[in-house]
Amino acid sequence: SPLRVCVCGGGNGAHMMAVLAATRPDTEVKVLTLFQDEAERWNKALEKGEMTINYSKEEGKNQPDDHAKPAAVSKVASEVVPGSDIVLFVVPAFAHEEYLKAIAPYVNKKTVIVGLPGQPGFEFQCKNMNGHDTIEECTIMSFETLPWACRIKEFGQTVDCLGIKKYLAGSILRGKSVPRKPPLMSLQALLGPAPEIKQAKHFLEILFMSYSFVHPAILYGKWKDWNGKPVNSEPLFYQGIDEFTANLLAECSKEFLDVVHAIMAQRPNVDLNAVQDIYEWYITYYKDDIEDPSSLLQAIRTNKSYKGIVHPMKKVSNKFEPNFQSRYITEDIPMGLVVFKGVAQIVGHETPKNDLLLEWGQKKIGKVYIVNGKLDGKDVAETRCPQRYGIETLDDLLNGKKLPPPI
Ligand code: NAI
């Protein structure tokens, strides 16, 4: 019988994934989109015919367009989730909880839940769904990012694929039952030849490799001393970083690695050796795009794939103000840095530089996560840090779930 796939979401990535999966032989694709009237709009668009993925034609690339369509699109989980072998979350992390609650009654123990991307804390969230025992036992996969750079051109009809990653790191946290189809092979078959999936040795590897401090640090470096007056133009985000920001990035990265080493020292069987320092990571991942790899500062400033990317800004009359409500803070802090902080707290490590970003960022979005360097703030319950799920020990952390006390 075919591989049955349910794609959750209605944005750029969900469009791309739904069409791509539907082109594969022996695959049945359904879409669940809970947001507003997206399901209705998508179904209406499908009346015009098949969907299209438009591949970028620049630089001699000549991949032919793909045409296909999902078998069903719905906002009602009971219509599209039952019987799924794989449920793919292709939505921003703040929407994961809503989707998990919606699908929980309709999954079975053999269902594989995939975060594409998962973002830090995805496993803690999936494995600690109070009152939904089945989903807690599912196999969970989490990917470091979306496999493509893509944008919807016409909703429910056409999506532009601007770039495809060469490699994609993903983790697998096996559930109690063996999935009906092998998860890694099935995922690779859905994605096609690229990106090539690199399996992480432990799910925490993906958590650290999200480098959640990068966006907050670049924002902090640029706006920490801002006088509140609108500026004339939108400053470059990556290309515009200075020495201070590059040093801050290196220091935050060192704190990440210190926590990684502390975990491996306490539990030698946990292999997190693949977690790289941020500079090494840039050089490995953007090998062909970096013009001057001589330092972290230059590597970021001369990375061609960052060309022209500007700070998130709001227009005020003819000028610009930074928009601190962008996902670089609203997502990268509660679904990123706070999760790292929680892990650091469990292994008993101080992280002053990351704390600095947390303190600054939480103020910008009117939240309180840390107080005096501890995750004691009133808004911790909205984050995905392990503590939110009652995980306070290293064993619970490594397992992704609070274990019952030994008898
Ligand atoms: P998107 O911006 O297209 O997502 C929008 C979709 O999210 C909406 O269509 C809706 O289905 C859902 N949504 C929005 N607000 C919602 C709400 N309040 N409640 C429930 N659902 C809501 O996202 P995209 O581009 O598909 O990206 C998905 C993830 O992949 C994100 O985490 C993004 O950062 C990441 N990513 C995206 C890349 C891209 O090129 N599009 C590249 C690398 C990573």
# chains A, B, ... in the order shown; residues from 1 in each chain; ligands from 1
>>> residues_around(residues="Gly366 in chain A", least_positions_apart="5", cutoff="10 Å", atoms="only C-alpha atoms", output="VMD selection string")
chain A and resid 325 361 379
>>> residues_around(residues="Asp289 in chain A", least_positions_apart="5", cutoff="10 Å", atoms="only C-alpha atoms", output="list in words")
Tyr282, Ile283, Ala299, Ile300, Thr302, Asn303, Lys304, Ser305 and Tyr306 of chain A
>>> closest_residue(among="A:Lys353, A:His15, A:Lys198, A:Lys254", to="Trp42 in chain A", atoms="only C-alpha atoms")
A:His15
>>> atom_distance(atom1="atom 39 (C, counted along the ligand's line) of ligand 1", atom2="CA of Ser212 in chain A")
16.7 Å
>>> closest_residue(among="A:Asp242, A:Asp160, A:Glu331, A:Asp288", to="Gly13 in chain A", atoms="only C-alpha atoms")
A:Asp160
>>> closest_atom_pairs(of="chain A", to="ligand 1", cutoff="8 Å", atoms="only C-alpha atoms and all ligand atoms", output="tab-separated table")
residue	atom	partner	partner_atom_place_in_ligand_line	distance
A:Cys8	CA	ligand 1	11 (O)	8.0
A:Gly9	CA	ligand 1	11 (O)	4.3
A:Gly10	CA	ligand 1	11 (O)	3.6
A:Gly11	CA	ligand 1	3 (O)	3.3
A:Asn12	CA	ligand 1	26 (O)	3.8
A:Gly13	CA	ligand 1	26 (O)	3.5
A:Ala14	CA	ligand 1	26 (O)	5.6
A:His15	CA	ligand 1	26 (O)	7.6
A:Thr33	CA	ligand 1	11 (O)	5.9
A:Leu34	CA	ligand 1	20 (C)	6.2
A:Phe35	CA	ligand 1	21 (N)	4.6
A:Gln36	CA	ligand 1	20 (C)	7.8
A:Glu38	CA	ligand 1	11 (O)	7.0
A:Val90	CA	ligand 1	28 (C)	5.3
A:Val91	CA	ligand 1	28 (C)	4.3
A:Pro92	CA	ligand 1	32 (O)	3.7
A:Ala93	CA	ligand 1	32 (O)	5.8
A:Phe94	CA	ligand 1	19 (N)	7.5
A:Ala95	CA	ligand 1	20 (C)	4.9
A:Glu98	CA	ligand 1	20 (C)	7.1
A:Leu116	CA	ligand 1	30 (O)	6.9
A:Pro117	CA	ligand 1	30 (O)	5.8
A:Gly118	CA	ligand 1	32 (O)	8.0
A:Gln119	CA	ligand 1	32 (O)	7.5
A:Thr145	CA	ligand 1	44 (C)	5.1
A:Leu146	CA	ligand 1	44 (C)	4.5
A:Pro147	CA	ligand 1	43 (C)	7.2
A:Trp148	CA	ligand 1	40 (O)	5.8
A:Ala149	CA	ligand 1	40 (O)	3.3
A:Cys150	CA	ligand 1	40 (O)	4.2
A:Arg151	CA	ligand 1	41 (N)	5.9
A:Ile152	CA	ligand 1	3 (O)	7.6
A:Leu162	CA	ligand 1	40 (O)	7.9
A:Arg327	CA	ligand 1	34 (O)	7.7
>>> select_by_dssp(residues="range 108-223 of chain A", states="helix (DSSP H, G or I)", output="PyMOL selection string")
chain A and resi 122-127+133-136+183-191+203-208+214-223
>>> residues_around(residues="Cys138 in chain A", least_positions_apart="3", cutoff="8 Å", atoms="only C-alpha atoms", output="count of residues only")
12
>>> decode(residues="range 327-350 of chain A", atoms="N, CA and C atoms", output="PDB file, in the first residue's frame")
ATOM      1  N   ARG A 327      10.176  37.360  13.752  1.00  0.00           N
ATOM      2  CA  ARG A 327      10.438  35.989  14.216  1.00  0.00           C
ATOM      3  C   ARG A 327      11.855  35.834  14.761  1.00  0.00           C
ATOM      4  N   TYR A 328      12.752  36.728  14.388  1.00  0.00           N
ATOM      5  CA  TYR A 328      14.116  36.662  14.901  1.00  0.00           C
ATOM      6  C   TYR A 328      14.125  36.774  16.432  1.00  0.00           C
ATOM      7  N   ILE A 329      13.093  37.399  16.991  1.00  0.00           N
ATOM      8  CA  ILE A 329      12.984  37.431  18.451  1.00  0.00           C
ATOM      9  C   ILE A 329      11.820  36.570  18.932  1.00  0.00           C
ATOM     10  N   THR A 330      10.633  36.766  18.351  1.00  0.00           N
ATOM     11  CA  THR A 330       9.443  36.079  18.876  1.00  0.00           C
ATOM     12  C   THR A 330       9.547  34.567  18.740  1.00  0.00           C
ATOM     13  N   GLU A 331      10.355  34.088  17.801  1.00  0.00           N
ATOM     14  CA  GLU A 331      10.509  32.656  17.618  1.00  0.00           C
ATOM     15  C   GLU A 331      11.865  32.176  18.154  1.00  0.00           C
ATOM     16  N   ASP A 332      12.919  32.894  17.811  1.00  0.00           N
ATOM     17  CA  ASP A 332      14.265  32.422  18.169  1.00  0.00           C
ATOM     18  C   ASP A 332      14.539  32.493  19.665  1.00  0.00           C
ATOM     19  N   ILE A 333      13.752  33.260  20.399  1.00  0.00           N
ATOM     20  CA  ILE A 333      13.950  33.276  21.851  1.00  0.00           C
ATOM     21  C   ILE A 333      13.122  32.183  22.548  1.00  0.00           C
ATOM     22  N   PRO A 334      11.769  32.242  22.518  1.00  0.00           N
ATOM     23  CA  PRO A 334      11.051  31.176  23.250  1.00  0.00           C
ATOM     24  C   PRO A 334      11.226  29.771  22.676  1.00  0.00           C
ATOM     25  N   MET A 335      11.424  29.656  21.379  1.00  0.00           N
ATOM     26  CA  MET A 335      11.575  28.345  20.735  1.00  0.00           C
ATOM     27  C   MET A 335      13.040  28.117  20.340  1.00  0.00           C
ATOM     28  N   GLY A 336      13.944  28.766  21.058  1.00  0.00           N
ATOM     29  CA  GLY A 336      15.351  28.654  20.689  1.00  0.00           C
ATOM     30  C   GLY A 336      16.241  28.877  21.897  1.00  0.00           C
ATOM     31  N   LEU A 337      16.598  30.152  22.114  1.00  0.00           N
ATOM     32  CA  LEU A 337      17.548  30.460  23.197  1.00  0.00           C
ATOM     33  C   LEU A 337      17.083  30.011  24.580  1.00  0.00           C
ATOM     34  N   VAL A 338      15.774  30.150  24.837  1.00  0.00           N
ATOM     35  CA  VAL A 338      15.258  29.742  26.152  1.00  0.00           C
ATOM     36  C   VAL A 338      15.420  28.226  26.326  1.00  0.00           C
ATOM     37  N   VAL A 339      15.266  27.485  25.243  1.00  0.00           N
ATOM     38  CA  VAL A 339      15.414  26.033  25.308  1.00  0.00           C
ATOM     39  C   VAL A 339      16.872  25.680  25.628  1.00  0.00           C
ATOM     40  N   PHE A 340      17.784  26.346  24.941  1.00  0.00           N
ATOM     41  CA  PHE A 340      19.209  26.145  25.239  1.00  0.00           C
ATOM     42  C   PHE A 340      19.496  26.486  26.699  1.00  0.00           C
ATOM     43  N   LYS A 341      18.967  27.618  27.141  1.00  0.00           N
ATOM     44  CA  LYS A 341      19.188  28.044  28.531  1.00  0.00           C
ATOM     45  C   LYS A 341      18.713  26.968  29.516  1.00  0.00           C
ATOM     46  N   GLY A 342      17.570  26.367  29.204  1.00  0.00           N
ATOM     47  CA  GLY A 342      17.026  25.305  30.056  1.00  0.00           C
ATOM     48  C   GLY A 342      17.967  24.115  30.130  1.00  0.00           C
ATOM     49  N   VAL A 343      18.553  23.771  28.988  1.00  0.00           N
ATOM     50  CA  VAL A 343      19.497  22.650  28.951  1.00  0.00           C
ATOM     51  C   VAL A 343      20.740  23.004  29.772  1.00  0.00           C
ATOM     52  N   ALA A 344      21.233  24.233  29.587  1.00  0.00           N
ATOM     53  CA  ALA A 344      22.421  24.685  30.321  1.00  0.00           C
ATOM     54  C   ALA A 344      22.156  24.627  31.828  1.00  0.00           C
ATOM     55  N   GLN A 345      20.954  25.035  32.215  1.00  0.00           N
ATOM     56  CA  GLN A 345      20.593  25.042  33.635  1.00  0.00           C
ATOM     57  C   GLN A 345      20.602  23.624  34.206  1.00  0.00           C
ATOM     58  N   ILE A 346      20.128  22.664  33.411  1.00  0.00           N
ATOM     59  CA  ILE A 346      20.104  21.267  33.873  1.00  0.00           C
ATOM     60  C   ILE A 346      21.531  20.726  34.084  1.00  0.00           C
ATOM     61  N   VAL A 347      22.451  21.098  33.172  1.00  0.00           N
ATOM     62  CA  VAL A 347      23.827  20.613  33.390  1.00  0.00           C
ATOM     63  C   VAL A 347      24.614  21.528  34.323  1.00  0.00           C
ATOM     64  N   GLY A 348      23.975  22.566  34.832  1.00  0.00           N
ATOM     65  CA  GLY A 348      24.613  23.427  35.818  1.00  0.00           C
ATOM     66  C   GLY A 348      25.673  24.357  35.243  1.00  0.00           C
ATOM     67  N   HIS A 349      25.418  24.884  34.034  1.00  0.00           N
ATOM     68  CA  HIS A 349      26.389  25.786  33.413  1.00  0.00           C
ATOM     69  C   HIS A 349      25.870  27.218  33.307  1.00  0.00           C
ATOM     70  N   GLU A 350      26.706  28.161  33.664  1.00  0.00           N
ATOM     71  CA  GLU A 350      26.353  29.579  33.509  1.00  0.00           C
ATOM     72  C   GLU A 350      26.550  29.978  32.058  1.00  0.00           C
TER      73      GLU A 350
END
